[in-house]
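With compact mmCIF, C-alpha atoms inside, this is protein-v4.txt:
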# COMPACT_ATOMS: atom_id res chain seq x y z
CA MET A 203 -22.65 32.85 -4.47
CA ASN A 204 -21.85 29.19 -4.99
CA ILE A 205 -18.57 28.04 -3.44
CA ASP A 206 -16.84 24.93 -4.82
CA PRO A 207 -17.68 22.22 -2.23
CA LEU A 208 -14.07 21.01 -2.35
CA SER A 209 -12.09 24.22 -1.93
CA ASP A 210 -10.23 26.38 0.54
CA GLY A 211 -13.12 28.85 0.51
CA LYS A 212 -15.61 26.15 1.46
CA ILE A 213 -13.54 25.18 4.51
CA ILE A 214 -13.87 28.68 5.96
CA GLU A 215 -17.54 28.90 5.08
CA ALA A 216 -18.27 25.58 6.81
CA TRP A 217 -16.33 26.57 9.94
CA LYS A 218 -18.20 29.86 10.12
CA GLN A 219 -21.42 27.91 10.06
CA ASN A 220 -20.31 25.47 12.76
CA ALA A 221 -18.33 27.75 15.06
CA SER A 222 -20.89 27.59 17.84
CA PRO A 223 -21.50 23.80 18.04
CA TRP A 224 -17.76 23.24 17.59
CA THR A 225 -16.94 25.51 20.51
CA ASN A 226 -19.48 23.67 22.63
CA ALA A 227 -18.16 20.24 21.59
CA VAL A 228 -14.52 21.06 22.37
CA ARG A 229 -15.38 22.69 25.70
CA ALA A 230 -17.53 19.71 26.70
CA ARG A 231 -14.58 17.47 25.73
CA GLU A 232 -16.85 15.47 23.45
CA ILE A 233 -14.16 14.43 20.93
CA GLU A 234 -12.75 11.19 22.29
CA SER A 235 -9.52 11.07 20.26
CA ARG A 236 -8.64 14.54 21.55
CA ARG A 237 -9.43 13.62 25.12
CA LEU A 238 -7.52 10.33 24.97
CA VAL A 239 -4.49 11.22 22.86
CA THR A 240 -4.07 14.30 20.73
CA ASP A 241 -4.65 17.17 23.22
CA ARG A 242 -1.90 15.77 25.46
CA ALA A 243 0.36 15.08 22.45
CA ILE A 244 0.36 18.67 21.20
CA LEU A 245 0.71 20.15 24.67
CA ASP A 246 3.65 17.90 25.55
CA THR A 247 5.40 18.59 22.25
CA VAL A 248 5.06 22.36 22.59
CA LEU A 249 6.03 22.50 26.26
CA ALA A 250 9.07 20.22 25.72
CA CYS A 251 10.54 22.95 23.47
CA ARG A 252 10.14 25.57 26.25
CA PRO A 253 9.10 28.44 23.96
CA GLN A 254 8.59 31.91 25.44
CA THR A 255 6.42 33.09 22.55
CA VAL A 256 3.96 31.04 20.47
CA ILE A 257 1.68 31.87 17.55
CA ASP A 258 -1.31 29.50 17.45
CA LEU A 259 -2.54 29.47 13.83
CA GLY A 260 -6.07 28.21 13.33
CA CYS A 261 -6.60 28.47 17.07
CA GLY A 262 -10.30 27.56 16.93
CA GLU A 263 -12.14 28.17 20.18
CA GLY A 264 -8.80 28.62 21.91
CA TRP A 265 -8.27 25.72 24.33
CA LEU A 266 -4.61 25.22 23.32
CA ALA A 267 -3.73 28.91 23.36
CA LEU A 268 -5.30 29.18 26.80
CA ALA A 269 -3.44 26.16 28.15
CA LEU A 270 -0.13 27.52 26.86
CA GLN A 271 -0.89 30.96 28.28
CA GLN A 272 -1.61 29.35 31.64
CA SER A 273 1.86 27.74 31.41
CA GLY A 274 3.38 31.21 31.29
CA ILE A 275 3.85 31.41 27.52
CA ASP A 276 3.13 34.60 25.58
CA VAL A 277 0.58 33.38 23.00
CA THR A 278 -0.99 35.06 19.98
CA ALA A 279 -4.04 33.09 18.81
CA VAL A 280 -5.12 33.60 15.20
CA ASP A 281 -8.15 32.29 13.35
CA ALA A 282 -9.83 33.23 10.08
CA VAL A 283 -13.27 32.67 11.58
CA PRO A 284 -14.31 35.68 13.68
CA ALA A 285 -16.66 33.69 15.92
CA LEU A 286 -13.85 31.29 16.85
CA ALA A 287 -11.30 34.02 17.59
CA PHE A 288 -13.99 35.73 19.66
CA ALA A 289 -14.65 32.49 21.57
CA ALA A 290 -10.94 32.27 22.33
CA LYS A 291 -10.94 35.85 23.59
CA GLN A 292 -13.99 35.14 25.77
CA ALA A 293 -12.28 32.05 27.18
CA GLY A 294 -9.44 34.23 28.41
CA VAL A 295 -6.84 34.25 25.65
CA ALA A 296 -5.25 37.69 26.00
CA ASP A 297 -4.04 38.19 22.45
CA THR A 298 -6.34 37.06 19.64
CA CYS A 299 -6.49 38.11 16.02
CA VAL A 300 -8.79 37.44 13.04
CA MET A 301 -6.72 36.82 9.94
CA SER A 302 -6.86 34.36 7.02
CA TYR A 303 -3.98 32.13 5.94
CA GLU A 304 -3.93 34.06 2.68
CA GLU A 305 -3.40 37.31 4.57
CA ILE A 306 -0.63 35.71 6.64
CA ALA A 307 0.98 34.43 3.44
CA GLU A 308 0.95 38.04 2.18
CA GLY A 309 2.95 39.12 5.23
CA GLN A 310 0.17 40.83 7.21
CA LEU A 311 0.97 39.07 10.51
CA LYS A 312 3.97 41.06 11.66
CA LEU A 313 5.23 38.88 14.49
CA SER A 314 8.32 36.87 15.29
CA ALA A 315 7.98 34.02 17.78
CA ASP A 316 9.89 31.04 19.15
CA MET A 317 7.21 28.74 17.81
CA VAL A 318 4.25 28.51 15.47
CA VAL A 319 1.76 25.76 16.29
CA CYS A 320 -0.97 24.43 13.98
CA ASN A 321 -3.16 21.89 15.77
CA PHE A 322 -5.49 20.14 13.29
CA SER A 323 -5.76 23.47 11.50
CA LEU A 324 -4.00 22.78 8.19
CA LEU A 325 -6.96 21.51 6.20
CA GLY A 326 -6.76 23.32 2.87
CA LYS A 327 -4.76 23.16 -0.32
CA GLU A 328 -3.41 26.47 -1.70
CA SER A 329 -4.12 28.22 1.61
CA VAL A 330 -1.86 25.76 3.44
CA ASP A 331 0.85 25.74 0.77
CA GLY A 332 1.02 29.54 0.94
CA LEU A 333 0.91 29.64 4.74
CA LEU A 334 3.79 27.16 5.09
CA ARG A 335 6.01 29.24 2.84
CA ALA A 336 5.42 32.23 5.15
CA ILE A 337 6.21 30.36 8.39
CA PRO A 338 9.97 31.14 8.40
CA THR A 339 9.15 34.87 8.45
CA LEU A 340 7.14 34.33 11.66
CA LEU A 341 9.92 32.45 13.45
CA LYS A 342 13.01 33.61 15.27
CA PRO A 343 16.27 31.92 14.22
CA ASP A 344 15.98 28.21 15.04
CA GLY A 345 12.31 28.77 15.88
CA ALA A 346 10.08 25.74 15.43
CA LEU A 347 6.86 24.94 13.61
CA ILE A 348 4.76 22.24 15.27
CA VAL A 349 1.97 20.70 13.20
CA GLN A 350 -0.46 18.08 14.43
CA THR A 351 -2.65 16.65 11.71
CA LEU A 352 -4.44 13.50 10.60
CA HIS A 353 -2.00 10.64 10.01
CA PRO A 354 -2.07 10.12 6.23
CA LEU A 355 -1.79 6.35 6.33
CA VAL A 356 -4.63 6.11 8.86
CA ALA A 357 -6.84 8.89 7.46
CA CYS A 358 -6.49 7.55 3.92
CA GLY A 359 -9.20 4.99 4.52
CA ASP A 360 -10.08 2.94 1.47
CA LEU A 361 -9.34 5.71 -1.04
CA PRO A 362 -6.11 5.72 -3.07
CA TYR A 363 -3.05 7.03 -1.24
CA VAL A 364 -2.70 10.14 -3.39
CA ASP A 365 -3.09 13.85 -2.70
CA GLY A 366 -6.54 15.24 -3.25
CA TRP A 367 -9.66 16.84 -1.83
CA ARG A 368 -11.84 14.73 0.43
CA ALA A 369 -15.41 15.39 1.46
CA GLY A 370 -15.88 16.24 5.12
CA SER A 371 -18.09 14.50 7.66
CA TRP A 372 -19.54 15.30 11.05
CA ALA A 373 -20.12 11.61 11.79
CA GLY A 374 -20.04 11.14 15.54
CA PHE A 375 -20.96 14.76 16.22
CA GLY A 376 -24.34 16.02 17.39
CA PRO A 377 -27.38 17.33 15.47
CA ASP A 378 -26.24 20.97 15.71
CA PHE A 379 -23.54 20.39 13.11
CA SER A 380 -24.15 20.92 9.38
CA ASP A 381 -22.22 21.37 6.16
CA ALA A 382 -18.97 19.56 7.07
CA PRO A 383 -15.78 21.26 5.84
CA PRO A 384 -13.85 19.42 3.10
CA TRP A 385 -10.15 18.75 3.59
CA TYR A 386 -7.17 18.26 1.33
CA PHE A 387 -5.43 14.90 1.76
CA ARG A 388 -1.62 14.93 1.56
CA THR A 389 0.59 11.85 1.69
CA LEU A 390 3.43 11.80 4.20
CA GLY A 391 5.84 12.32 1.31
CA THR A 392 3.94 15.43 0.24
CA TRP A 393 3.90 16.83 3.79
CA LEU A 394 7.66 16.41 4.08
CA GLU A 395 8.23 17.94 0.66
CA LEU A 396 6.03 20.91 1.58
CA ILE A 397 7.95 21.41 4.82
CA GLY A 398 11.29 21.17 3.04
CA THR A 399 10.41 23.54 0.21
CA SER A 400 9.03 26.08 2.71
CA GLY A 401 12.46 26.79 4.18
CA LEU A 402 12.00 24.41 7.12
CA THR A 403 13.92 21.31 8.20
CA LEU A 404 12.04 18.42 9.80
CA ARG A 405 13.65 17.52 13.12
CA ALA A 406 11.08 15.13 14.59
CA LEU A 407 8.00 13.16 13.64
CA GLN A 408 5.79 11.64 16.32
CA GLU A 409 2.89 9.26 15.91
CA PRO A 410 0.79 9.35 19.10
CA LEU A 411 -1.00 6.04 19.48
CA ASP A 412 -4.72 5.72 19.93
CA PRO A 413 -5.08 3.17 22.75
CA ARG A 414 -8.39 2.00 21.29
CA THR A 415 -6.87 0.87 17.99
CA GLY A 416 -3.11 0.53 18.54
CA ARG A 417 -2.72 2.79 15.48
CA PRO A 418 -1.49 6.40 15.28
CA ALA A 419 -4.22 8.87 16.23
CA SER A 420 -2.31 11.63 14.45
CA VAL A 421 1.11 12.68 13.24
CA VAL A 422 3.08 15.54 14.80
CA PHE A 423 5.80 17.26 12.79
CA ARG A 424 8.45 19.48 14.37
CA ALA A 425 10.39 21.53 11.84
CA HIS A 426 12.87 24.35 12.34
CA ARG A 427 13.92 27.31 10.23
CA THR A 428 16.54 26.04 7.81
CA GLY A 429 20.02 27.54 7.99
CA MET B 753 24.48 -23.50 19.15
CA ASN B 754 20.96 -22.19 19.54
CA ILE B 755 20.39 -18.72 18.14
CA ASP B 756 17.52 -16.60 19.47
CA PRO B 757 14.84 -16.86 16.72
CA LEU B 758 14.18 -13.10 16.99
CA SER B 759 17.68 -11.64 16.84
CA ASP B 760 20.24 -10.02 14.57
CA GLY B 761 22.23 -13.27 14.55
CA LYS B 762 19.23 -15.25 13.33
CA ILE B 763 18.76 -12.91 10.37
CA ILE B 764 22.24 -13.71 9.06
CA GLU B 765 21.85 -17.43 9.74
CA ALA B 766 18.57 -17.53 7.82
CA TRP B 767 20.01 -15.62 4.87
CA LYS B 768 22.98 -17.98 4.72
CA GLN B 769 20.55 -20.84 4.50
CA ASN B 770 18.46 -19.22 1.76
CA ALA B 771 21.16 -17.51 -0.31
CA SER B 772 20.75 -19.88 -3.23
CA PRO B 773 16.93 -19.87 -3.66
CA TRP B 774 16.92 -16.12 -3.00
CA THR B 775 19.45 -15.53 -5.77
CA ASN B 776 17.35 -17.64 -8.12
CA ALA B 777 14.12 -15.85 -7.17
CA VAL B 778 15.53 -12.36 -7.70
CA ARG B 779 17.19 -13.29 -10.98
CA ALA B 780 13.98 -14.88 -12.25
CA ARG B 781 12.17 -11.67 -11.22
CA GLU B 782 9.71 -13.69 -9.17
CA ILE B 783 8.96 -11.01 -6.57
CA GLU B 784 6.06 -9.05 -7.99
CA SER B 785 6.33 -5.95 -5.77
CA ARG B 786 9.96 -5.55 -6.84
CA ARG B 787 9.13 -6.01 -10.49
CA LEU B 788 6.16 -3.63 -10.38
CA VAL B 789 7.41 -0.90 -8.07
CA THR B 790 10.38 -1.06 -5.78
CA ASP B 791 13.25 -1.92 -8.16
CA ARG B 792 12.42 1.10 -10.30
CA ALA B 793 11.92 3.29 -7.19
CA ILE B 794 15.39 2.66 -5.77
CA LEU B 795 17.11 2.96 -9.15
CA ASP B 796 15.38 6.24 -9.97
CA THR B 797 16.15 7.69 -6.54
CA VAL B 798 19.83 6.79 -6.72
CA LEU B 799 20.32 7.92 -10.32
CA ALA B 800 18.51 11.23 -9.70
CA CYS B 801 21.30 12.14 -7.25
CA ARG B 802 24.00 11.49 -9.93
CA PRO B 803 26.54 9.90 -7.56
CA GLN B 804 29.96 8.92 -8.91
CA THR B 805 30.62 6.45 -6.10
CA VAL B 806 28.11 4.26 -4.25
CA ILE B 807 28.41 1.73 -1.43
CA ASP B 808 25.61 -0.86 -1.61
CA LEU B 809 25.19 -2.25 1.91
CA GLY B 810 23.41 -5.57 2.15
CA CYS B 811 23.77 -5.96 -1.61
CA GLY B 812 22.31 -9.46 -1.70
CA GLU B 813 22.79 -11.19 -5.04
CA GLY B 814 23.84 -7.89 -6.56
CA TRP B 815 21.20 -6.79 -9.08
CA LEU B 816 21.20 -3.17 -7.88
CA ALA B 817 24.99 -2.87 -7.70
CA LEU B 818 25.21 -4.29 -11.20
CA ALA B 819 22.58 -1.92 -12.58
CA LEU B 820 24.35 1.08 -11.04
CA GLN B 821 27.70 -0.14 -12.34
CA GLN B 822 26.20 -0.43 -15.81
CA SER B 823 25.13 3.22 -15.46
CA GLY B 824 28.78 4.17 -15.07
CA ILE B 825 28.84 4.43 -11.28
CA ASP B 826 31.78 3.13 -9.24
CA VAL B 827 30.04 0.67 -6.86
CA THR B 828 31.28 -1.29 -3.86
CA ALA B 829 28.82 -4.05 -2.98
CA VAL B 830 28.95 -5.37 0.58
CA ASP B 831 27.10 -8.26 2.21
CA ALA B 832 27.57 -10.22 5.41
CA VAL B 833 26.59 -13.47 3.70
CA PRO B 834 29.52 -14.86 1.68
CA ALA B 835 27.32 -16.75 -0.79
CA LEU B 836 25.43 -13.57 -1.66
CA ALA B 837 28.56 -11.43 -2.13
CA PHE B 838 29.95 -14.25 -4.27
CA ALA B 839 26.77 -14.32 -6.37
CA ALA B 840 27.13 -10.57 -6.91
CA LYS B 841 30.73 -11.07 -8.02
CA GLN B 842 29.71 -13.84 -10.39
CA ALA B 843 26.99 -11.61 -11.85
CA GLY B 844 29.63 -9.11 -12.81
CA VAL B 845 29.89 -6.66 -9.89
CA ALA B 846 33.53 -5.60 -9.99
CA ASP B 847 34.04 -4.67 -6.36
CA THR B 848 32.42 -6.91 -3.74
CA CYS B 849 33.22 -7.40 -0.09
CA VAL B 850 32.05 -9.72 2.71
CA MET B 851 31.58 -7.72 5.88
CA SER B 852 28.99 -7.61 8.68
CA TYR B 853 27.17 -4.48 9.82
CA GLU B 854 28.89 -4.91 13.18
CA GLU B 855 32.30 -4.79 11.47
CA ILE B 856 31.26 -1.71 9.49
CA ALA B 857 30.06 -0.08 12.72
CA GLU B 858 33.55 -0.74 14.14
CA GLY B 859 35.10 1.21 11.27
CA GLN B 860 36.46 -1.69 9.20
CA LEU B 861 35.02 -0.46 5.88
CA LYS B 862 37.51 2.26 5.01
CA LEU B 863 35.70 3.97 2.14
CA SER B 864 34.24 7.38 1.43
CA ALA B 865 31.52 7.61 -1.21
CA ASP B 866 28.97 10.03 -2.60
CA MET B 867 26.21 7.68 -1.52
CA VAL B 868 25.39 4.69 0.64
CA VAL B 869 22.34 2.69 -0.46
CA CYS B 870 20.46 0.09 1.61
CA ASN B 871 17.72 -1.59 -0.41
CA PHE B 872 15.51 -3.73 1.84
CA SER B 873 18.65 -4.62 3.76
CA LEU B 874 18.06 -2.94 7.14
CA LEU B 875 16.24 -5.75 8.89
CA GLY B 876 17.89 -6.02 12.31
CA LYS B 877 17.86 -4.19 15.60
CA GLU B 878 21.25 -3.42 17.21
CA SER B 879 23.05 -4.22 13.95
CA VAL B 880 21.07 -1.52 12.14
CA ASP B 881 21.32 1.02 14.96
CA GLY B 882 25.11 0.59 14.97
CA LEU B 883 25.40 0.67 11.19
CA LEU B 884 23.41 3.91 10.88
CA ARG B 885 25.68 5.67 13.36
CA ALA B 886 28.67 4.72 11.16
CA ILE B 887 27.12 5.97 7.89
CA PRO B 888 28.47 9.56 8.12
CA THR B 889 32.03 8.15 8.22
CA LEU B 890 31.36 6.43 4.87
CA LEU B 891 30.02 9.56 3.17
CA LYS B 892 31.74 12.52 1.60
CA PRO B 893 30.53 15.94 2.76
CA ASP B 894 26.87 16.26 1.75
CA GLY B 895 26.92 12.60 0.72
CA ALA B 896 23.55 10.86 0.88
CA LEU B 897 22.15 7.72 2.47
CA ILE B 898 19.26 6.16 0.56
CA VAL B 899 17.20 3.54 2.39
CA GLN B 900 14.31 1.62 0.89
CA THR B 901 12.41 -0.45 3.42
CA LEU B 902 8.97 -1.79 4.27
CA HIS B 903 6.48 1.02 4.86
CA PRO B 904 5.76 0.86 8.59
CA LEU B 905 2.08 1.71 8.34
CA VAL B 906 1.54 -0.93 5.66
CA ALA B 907 3.88 -3.60 7.04
CA CYS B 908 2.42 -3.22 10.53
CA GLY B 909 -0.50 -5.47 9.66
CA ASP B 910 -2.83 -6.16 12.55
CA LEU B 911 -0.11 -5.99 15.23
CA PRO B 912 0.26 -2.91 17.43
CA TYR B 913 2.13 -0.01 15.85
CA VAL B 914 5.13 -0.26 18.17
CA ASP B 915 8.78 -1.17 17.62
CA GLY B 916 9.61 -4.84 18.06
CA TRP B 917 10.77 -8.09 16.52
CA ARG B 918 8.48 -9.77 14.03
CA ALA B 919 8.64 -13.37 12.83
CA GLY B 920 9.61 -13.79 9.19
CA SER B 921 7.70 -15.58 6.47
CA TRP B 922 8.45 -16.96 3.03
CA ALA B 923 4.75 -16.91 2.08
CA GLY B 924 4.51 -16.60 -1.68
CA PHE B 925 8.01 -18.02 -2.24
CA GLY B 926 8.81 -21.50 -3.52
CA PRO B 927 9.50 -24.79 -1.71
CA ASP B 928 13.28 -24.24 -1.71
CA PHE B 929 12.99 -21.60 1.00
CA SER B 930 13.20 -22.48 4.69
CA ASP B 931 13.77 -20.81 8.04
CA ALA B 932 12.53 -17.27 7.24
CA PRO B 933 14.62 -14.44 8.74
CA PRO B 934 12.95 -12.38 11.47
CA TRP B 935 12.89 -8.60 11.17
CA TYR B 936 12.73 -5.70 13.57
CA PHE B 937 9.71 -3.44 13.08
CA ARG B 938 10.30 0.29 13.51
CA THR B 939 7.61 2.97 13.37
CA LEU B 940 8.14 5.91 11.03
CA GLY B 941 8.86 8.06 14.06
CA THR B 942 11.59 5.65 15.17
CA TRP B 943 13.15 5.57 11.68
CA LEU B 944 13.32 9.34 11.60
CA GLU B 945 14.73 9.51 15.11
CA LEU B 946 17.37 6.92 14.22
CA ILE B 947 18.34 8.89 11.12
CA GLY B 948 18.53 12.14 13.08
CA THR B 949 20.57 10.75 15.95
CA SER B 950 23.00 9.13 13.50
CA GLY B 951 24.32 12.47 12.26
CA LEU B 952 22.06 12.54 9.21
CA THR B 953 19.35 14.97 8.10
CA LEU B 954 16.30 13.66 6.26
CA ARG B 955 15.86 15.55 3.01
CA ALA B 956 13.19 13.45 1.27
CA LEU B 957 10.72 10.68 1.94
CA GLN B 958 9.02 8.87 -0.94
CA GLU B 959 6.20 6.35 -0.81
CA PRO B 960 6.15 4.43 -4.11
CA LEU B 961 2.62 3.20 -4.73
CA ASP B 962 1.77 -0.40 -5.42
CA PRO B 963 -0.64 -0.22 -8.38
CA ARG B 964 -2.38 -3.37 -7.17
CA THR B 965 -3.44 -1.86 -3.83
CA GLY B 966 -3.17 1.91 -4.19
CA ARG B 967 -1.06 1.81 -1.00
CA PRO B 968 2.68 2.45 -0.57
CA ALA B 969 4.77 -0.59 -1.54
CA SER B 970 7.69 0.79 0.46
CA VAL B 971 9.16 3.93 1.92
CA VAL B 972 12.37 5.50 0.61
CA PHE B 973 14.38 7.83 2.86
CA ARG B 974 17.05 10.19 1.54
CA ALA B 975 19.24 11.64 4.28
CA HIS B 976 22.43 13.67 4.07
CA ARG B 977 25.38 14.15 6.38
CA THR B 978 24.40 16.80 8.89
CA GLY B 979 26.39 20.05 8.97
Can you turn what I pasted into structure tokens?
Amino acid sequence: MNIDPLSDGKIIEAWKQNASPWTNAVRAREIESRRLVTDRAILDTVLACRPQTVIDLGCGEGWLALALQQSGIDVTAVDAVPALAFAAKQAGVADTCVMSYEEIAEGQLKLSADMVVCNFSLLGKESVDGLLRAIPTLLKPDGALIVQTLHPLVACGDLPYVDGWRAGSWAGFGPDFSDAPPWYFRTLGTWLELIGTSGLTLRALQEPLDPRTGRPASVVFRAHRTG
Amino acid sequence: MNIDPLSDGKIIEAWKQNASPWTNAVRAREIESRRLVTDRAILDTVLACRPQTVIDLGCGEGWLALALQQSGIDVTAVDAVPALAFAAKQAGVADTCVMSYEEIAEGQLKLSADMVVCNFSLLGKESVDGLLRAIPTLLKPDGALIVQTLHPLVACGDLPYVDGWRAGSWAGFGPDFSDAPPWYFRTLGTWLELIGTSGLTLRALQEPLDPRTGRPASVVFRAHRTG
């Protein structure tokens, strides 16, 4: 079966293929921007809200879920890629679950938490649009969604600043990686519109600085259930 | 008296000095980014909200107030620089007023409108912080503040992406201009924090594209009275 190289399906296929080298790279702390800036940024943002229960969507190999669990938080870690959810379980995350964003959008994740966190895990187009619309159903009243993602103005590069699929790249990663996942570029305006039309109200936007460049390493949105 | 070259006071002094060439430049449509993108962006955003009453803060020579008035909107145009408010009056704006942001922050502008608009007029530090906090008192329930300003990620240039005073420049303007006003750079995160702590809730963020660069020519915030 041929999967469109710029599609939600291709993202999952590519992550399935790279689950093992990715797990190794994160555990060896090989990704400099994470080590210098973005790991701390997401941890600080989550912990500042003092949630008792967190759903980590797109948990990957589980480092964030584990860190939150070690802070006394009741975490459910979810990933569509079985090998990644399994890696999280092996690392010590007590509650892991294999489920796609499409399944969550259909209402299959029957949980209600103080917080949903998505750390560099909102990479697709329709899959992300559908997931966002389902977030309010996963949150308690005034519960918060925290999203860390690429900063649009920085990640845009030399391409036009308009929504669209972008080819992936493993540049800077080792020889074990192949078949980089594509990602769907959204402008800041589109992100805020998506948050607003999903029944969420943006309460904070942070731009953690990369000390190497003086530019934002990422953007972190905090949005709460509206009304 | 020596005024600090990077201060709120210096901004007003510089605009007083350049009121006449500025009025000429805007009326001759000499500023390409305005002609190509940002004039249309602010007009469309305001008109889409269908306000009956608008307060134009930092109205300058009055083109926007006049255009809104010609669309049947009841506009009050306010500027701290007497020569600019006078130019607006001469152009045909029915209701103009000379008042500083500090005076508005003190409650001297006793109006209540459907909308407050600030089009490239929020350039200072304390003056802008104080003005924003007073905006809810100028708005009817669910009234909106519309701000068009420089896009932080684009306007940042090669300087660090941190809040701070920046020297002004009249590069690209004619020989009649002198003594460029400084401006206070705010990150996107700081803008959103300022809006939120001023009793306003951000409902939309637009990034009108400059067709020459493919990058945002500005950012437009729409925020409503909270609660």
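Considering all atoms listed in the file, the residue among B:Trp943, B:Phe937, B:Phe838, B:Trp767 positioned nearest to B:Ala975 is B:Trp943.
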Contacts of B:Ala846 at 8 Å (all atoms listed in the file; same-chain gap of 3+ positions) as a list of chain:residue names: B:Val827, B:Thr828, B:Lys841
Neighbour list for B:Thr805 as a ChimeraX atom specification, cut-off 8 Å, all atoms listed in the file, skip fewer than 6 positions in-chain: /B:825-827,865-867
Among listed residues B:Leu863, B:Gly916, B:Leu911, B:Arg938, nearest chain A (using all atoms listed in the file): B:Leu911
Residues near A:Asn220, cut-off 7 Å, only C-alpha atoms, skip fewer than 3 positions along chain, as JSON, numbers by chain: {"A": [216, 217, 223, 224, 379, 380]}
Could the residues in this selection be written to a file with C-alpha atoms, as a short mmCIF file (atom, residue, chain, number, x, y, z; two decimals), in the frame of the given file?
data_model
loop_
_atom_site.label_atom_id
_atom_site.label_comp_id
_atom_site.auth_asym_id
_atom_site.auth_seq_id
_atom_site.Cartn_x
_atom_site.Cartn_y
_atom_site.Cartn_z
CA ALA A 216 -18.27 25.58 6.81
CA TRP A 217 -16.33 26.57 9.94
CA PRO A 223 -21.50 23.80 18.04
CA TRP A 224 -17.76 23.24 17.59
CA PHE A 379 -23.54 20.39 13.11
CA SER A 380 -24.15 20.92 9.38
#
Distance query B:Glu855 at most 10 Å, all atoms listed in the file, self and fewer than 6 positions along chain excluded, as a PyMOL selection string: chain B and resi 832+861+879+882-883
Output C-alpha atoms for every residue in that selection, as a JSON list (two decimals), keeping the file's coordinate frame.
[["chain", "number", "residue", "atom", "x", "y", "z"],
["B", 832, "ALA", "CA", 27.57, -10.22, 5.41],
["B", 861, "LEU", "CA", 35.02, -0.46, 5.88],
["B", 879, "SER", "CA", 23.05, -4.22, 13.95],
["B", 882, "GLY", "CA", 25.11, 0.59, 14.97],
["B", 883, "LEU", "CA", 25.40, 0.67, 11.19]]
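Nearest residue to B:Asp796, choosing from B:Tyr853, B:Gln900, B:Ala839, B:Val830 and counting only C-alpha atoms: B:Gln900.
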Contact residues (chain B, partner chain A, 12 Å, only C-alpha atoms) as a VMD selection string: chain B and resid 903 to 914 938 to 949 951 to 975 978 to 979
Now that the selection is made, can you save its residues with C-alpha atoms as a JSON list (two decimals), in the frame of the given file?
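Written file, again-v4.json:
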[["chain", "number", "residue", "atom", "x", "y", "z"],
["B", 903, "HIS", "CA", 6.48, 1.02, 4.86],
["B", 904, "PRO", "CA", 5.76, 0.86, 8.59],
["B", 905, "LEU", "CA", 2.08, 1.71, 8.34],
["B", 906, "VAL", "CA", 1.54, -0.93, 5.66],
["B", 907, "ALA", "CA", 3.88, -3.60, 7.04],
["B", 908, "CYS", "CA", 2.42, -3.22, 10.53],
["B", 909, "GLY", "CA", -0.50, -5.47, 9.66],
["B", 910, "ASP", "CA", -2.83, -6.16, 12.55],
["B", 911, "LEU", "CA", -0.11, -5.99, 15.23],
["B", 912, "PRO", "CA", 0.26, -2.91, 17.43],
["B", 913, "TYR", "CA", 2.13, -0.01, 15.85],
["B", 914, "VAL", "CA", 5.13, -0.26, 18.17],
["B", 938, "ARG", "CA", 10.30, 0.29, 13.51],
["B", 939, "THR", "CA", 7.61, 2.97, 13.37],
["B", 940, "LEU", "CA", 8.14, 5.91, 11.03],
["B", 941, "GLY", "CA", 8.86, 8.06, 14.06],
["B", 942, "THR", "CA", 11.59, 5.65, 15.17],
["B", 943, "TRP", "CA", 13.15, 5.57, 11.68],
["B", 944, "LEU", "CA", 13.32, 9.34, 11.60],
["B", 945, "GLU", "CA", 14.73, 9.51, 15.11],
["B", 946, "LEU", "CA", 17.37, 6.92, 14.22],
["B", 947, "ILE", "CA", 18.34, 8.89, 11.12],
["B", 948, "GLY", "CA", 18.53, 12.14, 13.08],
["B", 949, "THR", "CA", 20.57, 10.75, 15.95],
["B", 951, "GLY", "CA", 24.32, 12.47, 12.26],
["B", 952, "LEU", "CA", 22.06, 12.54, 9.21],
["B", 953, "THR", "CA", 19.35, 14.97, 8.10],
["B", 954, "LEU", "CA", 16.30, 13.66, 6.26],
["B", 955, "ARG", "CA", 15.86, 15.55, 3.01],
["B", 956, "ALA", "CA", 13.19, 13.45, 1.27],
["B", 957, "LEU", "CA", 10.72, 10.68, 1.94],
["B", 958, "GLN", "CA", 9.02, 8.87, -0.94],
["B", 959, "GLU", "CA", 6.20, 6.35, -0.81],
["B", 960, "PRO", "CA", 6.15, 4.43, -4.11],
["B", 961, "LEU", "CA", 2.62, 3.20, -4.73],
["B", 962, "ASP", "CA", 1.77, -0.40, -5.42],
["B", 963, "PRO", "CA", -0.64, -0.22, -8.38],
["B", 964, "ARG", "CA", -2.38, -3.37, -7.17],
["B", 965, "THR", "CA", -3.44, -1.86, -3.83],
["B", 966, "GLY", "CA", -3.17, 1.91, -4.19],
["B", 967, "ARG", "CA", -1.06, 1.81, -1.00],
["B", 968, "PRO", "CA", 2.68, 2.45, -0.57],
["B", 969, "ALA", "CA", 4.77, -0.59, -1.54],
["B", 970, "SER", "CA", 7.69, 0.79, 0.46],
["B", 971, "VAL", "CA", 9.16, 3.93, 1.92],
["B", 972, "VAL", "CA", 12.37, 5.50, 0.61],
["B", 973, "PHE", "CA", 14.38, 7.83, 2.86],
["B", 974, "ARG", "CA", 17.05, 10.19, 1.54],
["B", 975, "ALA", "CA", 19.24, 11.64, 4.28],
["B", 978, "THR", "CA", 24.40, 16.80, 8.89],
["B", 979, "GLY", "CA", 26.39, 20.05, 8.97]]
Residue among B:Asp931, B:Asp760, B:Asp831, B:Asp894 lying closest to B:Ser852, counting all atoms listed in the file: B:Asp831
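For the atom pair formed by atom CA of B:Leu836 and atom CA of B:Phe872, the distance is 14.4 Å, given to one decimal.
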Subset file as a short mmCIF file (atom, residue, chain, number, x, y, z; two decimals), in the first residue's frame: stretch 420-424 of chain A, C-alpha atoms:
data_model
loop_
_atom_site.label_atom_id
_atom_site.label_comp_id
_atom_site.auth_asym_id
_atom_site.auth_seq_id
_atom_site.Cartn_x
_atom_site.Cartn_y
_atom_site.Cartn_z
CA SER A 420 9.22 26.65 20.65
CA VAL A 421 5.83 28.05 21.53
CA VAL A 422 3.77 26.82 24.48
CA PHE A 423 0.01 27.37 24.51
CA ARG A 424 -2.10 27.05 27.65
#
